[in-house]
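Asker: Sharing data-v3.txt here; it has compact mmCIF, C-alpha atoms.
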# COMPACT_ATOMS: atom_id res chain seq x y z
CA ASN A 105 -68.25 -70.49 43.37
CA LEU A 106 -64.75 -69.21 42.53
CA GLN A 107 -62.58 -69.26 45.67
CA ASP A 108 -59.18 -67.65 45.19
CA PRO A 109 -56.91 -67.48 48.29
CA LEU A 110 -55.07 -64.19 48.84
CA LEU A 111 -51.43 -63.33 49.48
CA SER A 112 -49.94 -60.11 50.82
CA HIS A 113 -46.46 -58.96 51.91
CA ILE A 114 -44.89 -57.32 54.96
CA TYR A 115 -41.23 -56.26 55.12
CA TYR A 116 -38.81 -56.25 58.04
CA PRO A 117 -35.17 -55.04 57.80
CA LEU A 118 -32.29 -56.80 59.53
CA LYS A 119 -30.79 -54.91 62.46
CA PRO A 120 -27.26 -53.48 62.09
CA GLY A 121 -24.72 -56.24 62.56
CA TYR A 122 -26.99 -58.94 61.14
CA GLU A 123 -26.77 -57.99 57.46
CA HIS A 124 -24.62 -61.09 56.82
CA LEU A 125 -27.77 -63.17 57.31
CA GLY A 126 -29.49 -61.46 54.40
CA PHE A 127 -29.45 -61.76 50.62
CA TYR A 128 -29.70 -58.87 48.20
CA ASP A 129 -30.86 -59.95 44.77
CA LYS A 130 -29.07 -57.16 42.86
CA SER A 131 -25.60 -57.30 44.39
CA PRO A 132 -23.03 -58.96 42.06
CA ILE A 133 -21.10 -60.15 45.12
CA ASP A 134 -24.16 -61.79 46.65
CA ILE A 135 -25.11 -63.40 43.33
CA ALA A 136 -21.55 -64.75 42.94
CA LYS A 137 -21.73 -66.17 46.47
CA LEU A 138 -25.11 -67.70 45.67
CA VAL A 139 -23.78 -69.41 42.53
CA ALA A 140 -20.70 -70.69 44.37
CA LYS A 141 -22.78 -72.16 47.17
CA TYR A 142 -25.23 -73.65 44.67
CA ALA A 143 -22.36 -75.46 42.96
CA MET A 144 -21.51 -77.03 46.34
CA GLY A 145 -25.12 -77.99 47.02
CA THR A 146 -25.77 -75.36 49.70
CA GLY A 147 -27.28 -71.88 50.02
CA LEU A 148 -30.54 -70.23 49.01
CA GLY A 149 -30.30 -71.45 45.42
CA CYS A 150 -30.83 -75.04 46.54
CA TYR A 151 -34.30 -74.67 47.98
CA SER A 152 -37.51 -72.71 47.73
CA TRP A 153 -37.48 -69.00 48.52
CA VAL A 154 -40.24 -69.80 51.03
CA THR A 155 -38.18 -71.38 53.79
CA GLY A 156 -40.90 -71.72 56.40
CA MET A 157 -44.65 -71.49 56.84
CA SER A 158 -47.33 -71.91 59.45
CA PHE A 159 -51.10 -72.35 59.57
CA HIS A 160 -53.51 -70.62 61.95
CA ARG A 161 -57.15 -70.02 62.78
CA SER A 162 -58.44 -66.49 62.78
CA GLY A 163 -61.36 -67.21 65.10
CA VAL A 164 -63.73 -65.66 62.56
CA ARG A 165 -64.83 -68.94 60.96
CA LYS A 166 -66.28 -71.92 62.81
CA GLU A 167 -63.62 -74.07 64.45
CA GLU A 168 -64.64 -77.14 62.44
CA ASP A 169 -63.74 -75.24 59.25
CA GLY A 170 -60.07 -75.68 60.16
CA ASN A 171 -57.25 -73.26 59.49
CA ASP A 172 -58.10 -70.24 57.39
CA LEU A 173 -54.74 -68.42 57.59
CA GLN A 174 -51.25 -69.27 56.33
CA ILE A 175 -47.99 -67.37 56.85
CA HIS A 176 -44.96 -67.75 54.55
CA PHE A 177 -41.41 -66.72 55.47
CA CYS A 178 -38.91 -65.52 52.84
CA PRO A 179 -35.30 -64.68 53.86
CA LEU A 180 -34.97 -61.67 51.54
CA ILE A 181 -36.70 -58.55 50.23
CA GLY A 182 -37.40 -58.30 46.50
CA HIS A 183 -36.61 -55.00 44.81
CA GLU A 184 -37.93 -55.55 41.28
CA GLN A 185 -41.15 -53.69 40.50
CA ASN A 186 -41.28 -55.28 37.04
CA GLN A 187 -41.24 -58.78 38.54
CA ALA A 188 -43.98 -57.92 41.02
CA THR A 189 -46.11 -56.56 38.18
CA LYS A 190 -45.41 -59.51 35.88
CA ASN A 191 -45.94 -62.26 38.46
CA PHE A 192 -48.69 -60.81 40.63
CA GLY A 193 -50.14 -57.78 38.86
CA LEU A 194 -48.93 -55.37 41.54
CA HIS A 195 -48.89 -51.84 40.11
CA LEU A 196 -47.90 -48.53 41.62
CA ASN A 197 -51.17 -46.63 41.78
CA GLU A 198 -51.38 -42.96 42.69
CA ALA A 199 -54.80 -43.39 44.27
CA ARG A 200 -53.80 -46.36 46.42
CA PRO A 201 -50.00 -46.67 46.28
CA ILE A 202 -47.84 -49.37 47.77
CA ASN A 203 -44.23 -49.23 48.90
CA GLU A 204 -41.86 -48.39 46.05
CA TRP A 205 -39.49 -51.31 45.63
CA GLY A 206 -36.42 -49.13 45.12
CA LYS A 207 -36.89 -47.54 48.55
CA LEU A 208 -37.08 -50.78 50.53
CA PRO A 209 -34.30 -51.91 52.89
CA LYS A 210 -31.40 -53.68 51.21
CA TYR A 211 -31.31 -56.61 53.62
CA GLY A 212 -34.31 -58.05 55.40
CA ILE A 213 -37.11 -60.60 55.26
CA THR A 214 -40.54 -60.74 53.68
CA ILE A 215 -43.52 -62.20 55.51
CA LEU A 216 -46.38 -63.28 53.26
CA PRO A 217 -49.67 -63.54 55.18
CA SER A 218 -52.28 -65.50 53.27
CA LEU A 219 -56.05 -65.84 53.59
CA VAL A 220 -56.48 -69.45 52.45
CA ARG A 221 -60.18 -69.94 53.20
CA ALA A 222 -62.10 -66.85 52.23
CA GLN A 223 -65.85 -66.57 52.57
CA SER A 224 -66.04 -64.32 49.51
CA THR A 225 -66.79 -66.14 46.27
CA GLY A 226 -66.34 -64.92 42.72
CA THR A 227 -67.51 -65.88 39.25
CA ILE A 228 -66.19 -67.02 35.89
CA ARG A 229 -68.46 -66.20 32.94
CA LEU A 230 -68.22 -66.66 29.19
CA ALA A 231 -67.27 -63.51 27.33
CA SER A 232 -68.73 -64.76 24.05
CA ALA A 233 -69.64 -67.88 22.09
CA ASP A 234 -66.02 -68.14 20.94
CA PRO A 235 -64.44 -71.03 22.92
CA LEU A 236 -61.00 -69.42 22.53
CA ALA A 237 -62.05 -66.05 23.96
CA PRO A 238 -60.70 -65.35 27.48
CA PRO A 239 -63.46 -65.69 30.10
CA ILE A 240 -64.61 -62.88 32.36
CA ILE A 241 -63.16 -63.55 35.81
CA ASP A 242 -64.38 -61.63 38.86
CA PRO A 243 -62.84 -63.01 42.10
CA ARG A 244 -64.71 -60.46 44.29
CA TYR A 245 -61.84 -60.36 46.78
CA LEU A 246 -62.77 -59.30 50.34
CA SER A 247 -66.42 -58.75 49.35
CA ASP A 248 -67.44 -60.56 52.54
CA GLU A 249 -66.57 -58.33 55.50
CA ASN A 250 -65.53 -61.36 57.58
CA ASP A 251 -62.61 -61.97 55.23
CA LEU A 252 -60.98 -58.66 56.07
CA LYS A 253 -61.50 -59.31 59.77
CA ALA A 254 -59.78 -62.69 59.44
CA TYR A 255 -56.97 -61.26 57.33
CA VAL A 256 -56.23 -58.54 59.88
CA GLU A 257 -55.88 -61.25 62.52
CA CYS A 258 -53.19 -62.79 60.30
CA TYR A 259 -51.42 -59.42 60.16
CA LYS A 260 -51.55 -59.12 63.95
CA PHE A 261 -50.06 -62.58 64.42
CA THR A 262 -47.28 -61.77 61.94
CA ARG A 263 -46.33 -58.72 63.98
CA GLN A 264 -46.33 -60.76 67.15
CA VAL A 265 -44.03 -63.40 65.66
CA CYS A 266 -41.58 -60.88 64.21
CA SER A 267 -41.27 -58.79 67.38
CA THR A 268 -40.61 -61.60 69.87
CA GLY A 269 -38.20 -64.49 70.33
CA ALA A 270 -35.34 -65.14 67.93
CA LEU A 271 -36.76 -62.98 65.15
CA GLY A 272 -37.25 -60.06 67.51
CA GLU A 273 -33.51 -60.13 68.24
CA ILE A 274 -32.39 -59.66 64.64
CA LEU A 275 -35.24 -57.75 62.95
CA GLY A 276 -35.73 -54.01 62.89
CA PRO A 277 -39.14 -52.29 62.91
CA GLU A 278 -41.66 -53.21 60.23
CA VAL A 279 -41.48 -51.14 57.04
CA ILE A 280 -44.48 -48.83 57.33
CA ASP A 281 -46.35 -47.43 54.33
CA GLU A 282 -46.53 -43.72 55.14
CA SER A 283 -49.08 -43.09 52.40
CA ILE A 284 -51.76 -44.82 54.49
CA PRO A 285 -53.52 -42.14 56.58
CA HIS A 286 -53.90 -44.20 59.76
CA PRO A 287 -51.66 -44.92 62.76
CA ALA A 288 -49.44 -47.92 62.01
CA ASP A 289 -50.72 -49.84 65.06
CA SER A 290 -54.38 -49.36 64.19
CA TRP A 291 -56.84 -51.86 62.74
CA GLU A 292 -57.55 -49.40 59.95
CA TYR A 293 -53.89 -49.30 58.89
CA MET A 294 -53.62 -53.07 58.71
CA ALA A 295 -56.89 -53.38 56.82
CA GLU A 296 -55.92 -50.75 54.24
CA THR A 297 -52.44 -52.29 53.83
CA LEU A 298 -53.99 -55.66 53.04
CA ARG A 299 -56.48 -54.11 50.62
CA ARG A 300 -53.68 -52.45 48.67
CA ARG A 301 -51.24 -55.35 48.63
CA CYS A 302 -53.37 -58.50 48.37
CA VAL A 303 -52.91 -60.58 45.22
CA THR A 304 -53.79 -64.07 44.06
CA ILE A 305 -51.62 -66.90 45.34
CA TYR A 306 -52.57 -68.93 42.23
CA HIS A 307 -54.60 -71.53 44.14
CA PRO A 308 -58.09 -70.93 42.65
CA ALA A 309 -60.73 -73.59 43.24
CA GLY A 310 -64.44 -74.33 43.28
CA THR A 311 -65.74 -73.31 39.84
CA ALA A 312 -66.81 -76.86 38.86
CA ARG A 313 -68.23 -77.71 42.25
CA MET A 314 -68.89 -81.38 43.04
CA GLY A 315 -72.28 -82.24 44.48
CA ARG A 316 -74.94 -84.88 44.86
CA LYS A 317 -77.88 -85.35 42.52
CA GLY A 318 -80.31 -82.49 42.92
CA ASP A 319 -77.66 -79.95 43.95
CA SER A 320 -78.39 -77.02 41.63
CA ARG A 321 -74.94 -75.53 42.26
CA ALA A 322 -73.04 -78.69 41.33
CA VAL A 323 -71.19 -78.96 38.00
CA VAL A 324 -69.96 -82.53 38.49
CA ASP A 325 -71.39 -85.52 40.35
CA PRO A 326 -69.50 -87.58 43.00
CA PHE A 327 -67.88 -89.54 40.12
CA LEU A 328 -66.58 -86.24 38.66
CA LYS A 329 -68.84 -86.58 35.60
CA VAL A 330 -70.06 -83.25 34.22
CA ASN A 331 -73.81 -82.99 34.68
CA GLY A 332 -75.68 -83.08 31.38
CA VAL A 333 -72.58 -83.93 29.31
CA SER A 334 -71.63 -87.50 28.42
CA GLY A 335 -68.06 -88.74 28.32
CA LEU A 336 -66.55 -85.82 30.23
CA ARG A 337 -65.10 -85.64 33.73
CA VAL A 338 -63.27 -82.89 35.60
CA ALA A 339 -60.40 -83.81 37.92
CA ASP A 340 -58.69 -80.76 39.41
CA ALA A 341 -59.10 -78.16 42.17
CA SER A 342 -62.18 -76.71 40.49
CA ILE A 343 -64.35 -79.59 41.76
CA MET A 344 -63.76 -78.67 45.42
CA PRO A 345 -67.02 -77.40 46.98
CA ASP A 346 -64.81 -75.44 49.40
CA VAL A 347 -61.11 -74.78 48.94
CA VAL A 348 -58.84 -76.73 51.28
CA SER A 349 -57.08 -75.13 54.25
CA GLY A 350 -53.72 -74.82 52.53
CA ASN A 351 -51.90 -75.41 49.27
CA THR A 352 -53.94 -77.07 46.53
CA ASN A 353 -51.20 -79.06 44.76
CA ALA A 354 -51.32 -82.29 46.78
CA PRO A 355 -55.15 -82.38 46.97
CA SER A 356 -55.31 -81.89 43.19
CA ILE A 357 -52.96 -84.83 42.67
CA MET A 358 -55.22 -86.91 44.93
CA ILE A 359 -58.30 -85.86 42.94
CA GLY A 360 -56.59 -86.90 39.70
CA GLU A 361 -55.56 -90.26 41.17
CA LYS A 362 -59.07 -90.90 42.47
CA CYS A 363 -60.59 -90.03 39.11
CA ALA A 364 -58.20 -92.43 37.36
CA ASP A 365 -59.26 -95.20 39.76
CA MET A 366 -62.94 -94.52 39.08
CA ILE A 367 -62.38 -94.62 35.31
CA LYS A 368 -60.47 -97.91 35.57
CA LYS A 369 -63.25 -99.38 37.70
CA ALA A 370 -65.93 -98.20 35.28
CA TRP A 371 -64.11 -99.93 32.40
CA ASN A 372 -63.17 -103.04 34.42
CA LEU A 373 -59.47 -102.26 34.05
CA GLU A 374 -58.46 -102.93 37.64
Rewrite the structure from the file as structure tokens, please.
Answerer:
Amino acid sequence: NLQDPLLSHIYYPLKPGYEHLGFYDKSPIDIAKLVAKYAMGTGLGCYSWVTGMSFHRSGVRKEEDGNDLQIHFCPLIGHEQNQATKNFGLHLNEARPINEWGKLPKYGITILPSLVRAQSTGTIRLASADPLAPPIIDPRYLSDENDLKAYVECYKFTRQVCSTGALGEILGPEVIDESIPHPADSWEYMAETLRRRCVTIYHPAGTARMGRKGDSRAVVDPFLKVNGVSGLRVADASIMPDVVSGNTNAPSIMIGEKCADMIKKAWNLE
């Protein structure tokens, strides 16, 4: 029941005359400006690189399932291939390449479309009897065809946002990956772009699913006790039967707080 939300990236350059709005992470002058502003409590160094986000419904899932798409806005373009590989496992692959970081525009923005509620589910299996051996993780990304349909809707909405209104006034055309053999405005192009660029957003959930008695898929009961094991509870995002429609940090804190309350009640410590 592994559910691992996906993240991708789309680049837009700033139009001529608007470069002053951008930040280039290799320029000594820009870095000096960043440090100076940080010392005064202002500038990009004082807050998250993700300066805005929005949530949407793709229309692919049932309406009662809530939002299944999330879009992040970053006011710069990263140019470090090593960082992309280290942090997200993005590699330049001859068979299915992605944009080379060194050839990207100097100033611009990065839009990160995310599929937060996928219908595809993966697995985590033991590799051996050794408890210290790394497990075998297979997220099975986009194995359900509806996920790619939903993700393309996120791509379409991103293009709409970046080509109209205030952003449309300052942004140039989207950076197109010319290695993809489809017209840039086609469904096929967007689908292949997402296939090549999608990575984990580090919000995995669901592998210790909570369920009622008799649920053969449940790992823990409604009190977060592991079925068949005494004295052990699980209190993190893994107990979610379905991943939430957004970031998992706050819900995980809530799960931990609820578990603490249940333990105190069980031991008459309230």
Asker: With all atoms listed in the file as the atoms that count, which of A:Asn250, A:Ser290, A:Ser349, A:Asn105 lies nearest to A:Gly226?
Answerer: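 That would be A:Asn105, the residue with the smallest distance to A:Gly226.
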Asker: Neighbours of stretch 328-334 of chain A within 9 Å (all atoms listed in the file; same-chain residues fewer than 3 positions away dropped), as a PyMOL selection string?
Answerer: chain A and resi 312+314+322-325+337-339+343+363
Asker: Find the spatial neighbours of A:Pro308, counting only C-alpha atoms, within a cut-off of 12 Å - ignore same-chain residues fewer than 4 positions away - and output them as a PDB file with C-alpha atoms, in the coordinates of the input.
Answerer:
ATOM      1  CA  ASN A 105     -68.250 -70.490  43.370  1.00  0.00           C
ATOM      2  CA  LEU A 106     -64.750 -69.210  42.530  1.00  0.00           C
ATOM      3  CA  GLN A 107     -62.580 -69.260  45.670  1.00  0.00           C
ATOM      4  CA  ASP A 108     -59.180 -67.650  45.190  1.00  0.00           C
ATOM      5  CA  PRO A 109     -56.910 -67.480  48.290  1.00  0.00           C
ATOM      6  CA  LEU A 110     -55.070 -64.190  48.840  1.00  0.00           C
ATOM      7  CA  VAL A 220     -56.480 -69.450  52.450  1.00  0.00           C
ATOM      8  CA  ARG A 221     -60.180 -69.940  53.200  1.00  0.00           C
ATOM      9  CA  ALA A 222     -62.100 -66.850  52.230  1.00  0.00           C
ATOM     10  CA  THR A 225     -66.790 -66.140  46.270  1.00  0.00           C
ATOM     11  CA  GLY A 226     -66.340 -64.920  42.720  1.00  0.00           C
ATOM     12  CA  THR A 227     -67.510 -65.880  39.250  1.00  0.00           C
ATOM     13  CA  ILE A 228     -66.190 -67.020  35.890  1.00  0.00           C
ATOM     14  CA  ILE A 241     -63.160 -63.550  35.810  1.00  0.00           C
ATOM     15  CA  ASP A 242     -64.380 -61.630  38.860  1.00  0.00           C
ATOM     16  CA  PRO A 243     -62.840 -63.010  42.100  1.00  0.00           C
ATOM     17  CA  TYR A 245     -61.840 -60.360  46.780  1.00  0.00           C
ATOM     18  CA  VAL A 303     -52.910 -60.580  45.220  1.00  0.00           C
ATOM     19  CA  THR A 304     -53.790 -64.070  44.060  1.00  0.00           C
ATOM     20  CA  ALA A 312     -66.810 -76.860  38.860  1.00  0.00           C
ATOM     21  CA  ASP A 340     -58.690 -80.760  39.410  1.00  0.00           C
ATOM     22  CA  ALA A 341     -59.100 -78.160  42.170  1.00  0.00           C
ATOM     23  CA  SER A 342     -62.180 -76.710  40.490  1.00  0.00           C
ATOM     24  CA  ILE A 343     -64.350 -79.590  41.760  1.00  0.00           C
ATOM     25  CA  MET A 344     -63.760 -78.670  45.420  1.00  0.00           C
ATOM     26  CA  PRO A 345     -67.020 -77.400  46.980  1.00  0.00           C
ATOM     27  CA  ASP A 346     -64.810 -75.440  49.400  1.00  0.00           C
ATOM     28  CA  VAL A 347     -61.110 -74.780  48.940  1.00  0.00           C
ATOM     29  CA  VAL A 348     -58.840 -76.730  51.280  1.00  0.00           C
ATOM     30  CA  GLY A 350     -53.720 -74.820  52.530  1.00  0.00           C
ATOM     31  CA  ASN A 351     -51.900 -75.410  49.270  1.00  0.00           C
ATOM     32  CA  THR A 352     -53.940 -77.070  46.530  1.00  0.00           C
ATOM     33  CA  ASN A 353     -51.200 -79.060  44.760  1.00  0.00           C
ATOM     34  CA  SER A 356     -55.310 -81.890  43.190  1.00  0.00           C
TER      35      SER A 356
END
Asker: List as a list of chain:residue names the residues having at least one atom at most 8 Å from position (-37.3, -64.1, 56.4) as given in the file, counting only C-alpha atoms.
Answerer: A:Thr155, A:Phe177, A:Cys178, A:Pro179, A:Leu180, A:Gly212, A:Ile213, A:Thr214, A:Ile215
Asker: Let me make sure I understand: among A:Lys210, A:Pro326, A:Gly193, A:Gly315, which one has the smallest atom-to-atom distance to A:Ser131 if we use all atoms listed in the file?
Answerer: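 Answer, going by the shortest atom-to-atom distance: A:Lys210.
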Asker: Pick from A:Glu374, A:Asp172, A:Asp289, A:Glu123: nearest to A:Arg263, with only C-alpha atoms counted?
Answerer: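 Under the stated criterion, the closest residue is A:Asp289.
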Asker: Find the residues near A:Leu275: any atom within 6 Å, counting only C-alpha atoms, skip ones fewer than 2 places away on the same chain, and give them as an MDAnalysis selection string.
Answerer: chainID A and resid 117:119 271:272
Asker: Using only the atoms of stretch 224-232 of chain A listed in the file, plus 5 Å on each side, state the axis-aligned box centre and edge lengths in Å rounded to one decimal, as JSON.
Answerer:
{"center_x": -67.4, "center_y": -65.3, "center_z": 36.8, "size_x": 12.7, "size_y": 13.5, "size_z": 35.5}
Asker: Please, what distance in Å, to one decimal, runs between atom CA of A:Gly170 and atom CA of A:Asn191?
Answerer: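 For atom CA of A:Gly170 relative to atom CA of A:Asn191, the distance reads 29.2 Å.
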Asker: Which is closest to A:Ile135 among A:Tyr122, A:Gly149, A:His176, A:Asp365, if we use all atoms listed in the file?
Answerer: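 Of all the options, A:Gly149 lies closest to A:Ile135.
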Asker: In terms of the shortest atom-to-atom distance over only C-alpha atoms, which of A:Arg313, A:Lys141, A:Arg299, A:His307 is closest to A:Lys253?
Answerer: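 Using only C-alpha atoms, A:Lys253 sits closest to A:Arg299.
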Asker: Please compute the atom CA of A:Leu173-atom CA of A:Gln223 distance, one decimal, in Å.
Answerer: 12.3 Å
Asker: By how many Å are atom CA of A:Pro217 and atom CA of A:Gly269 apart?
Answerer: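 Distance reported for this atom pair: 19.0 Å.
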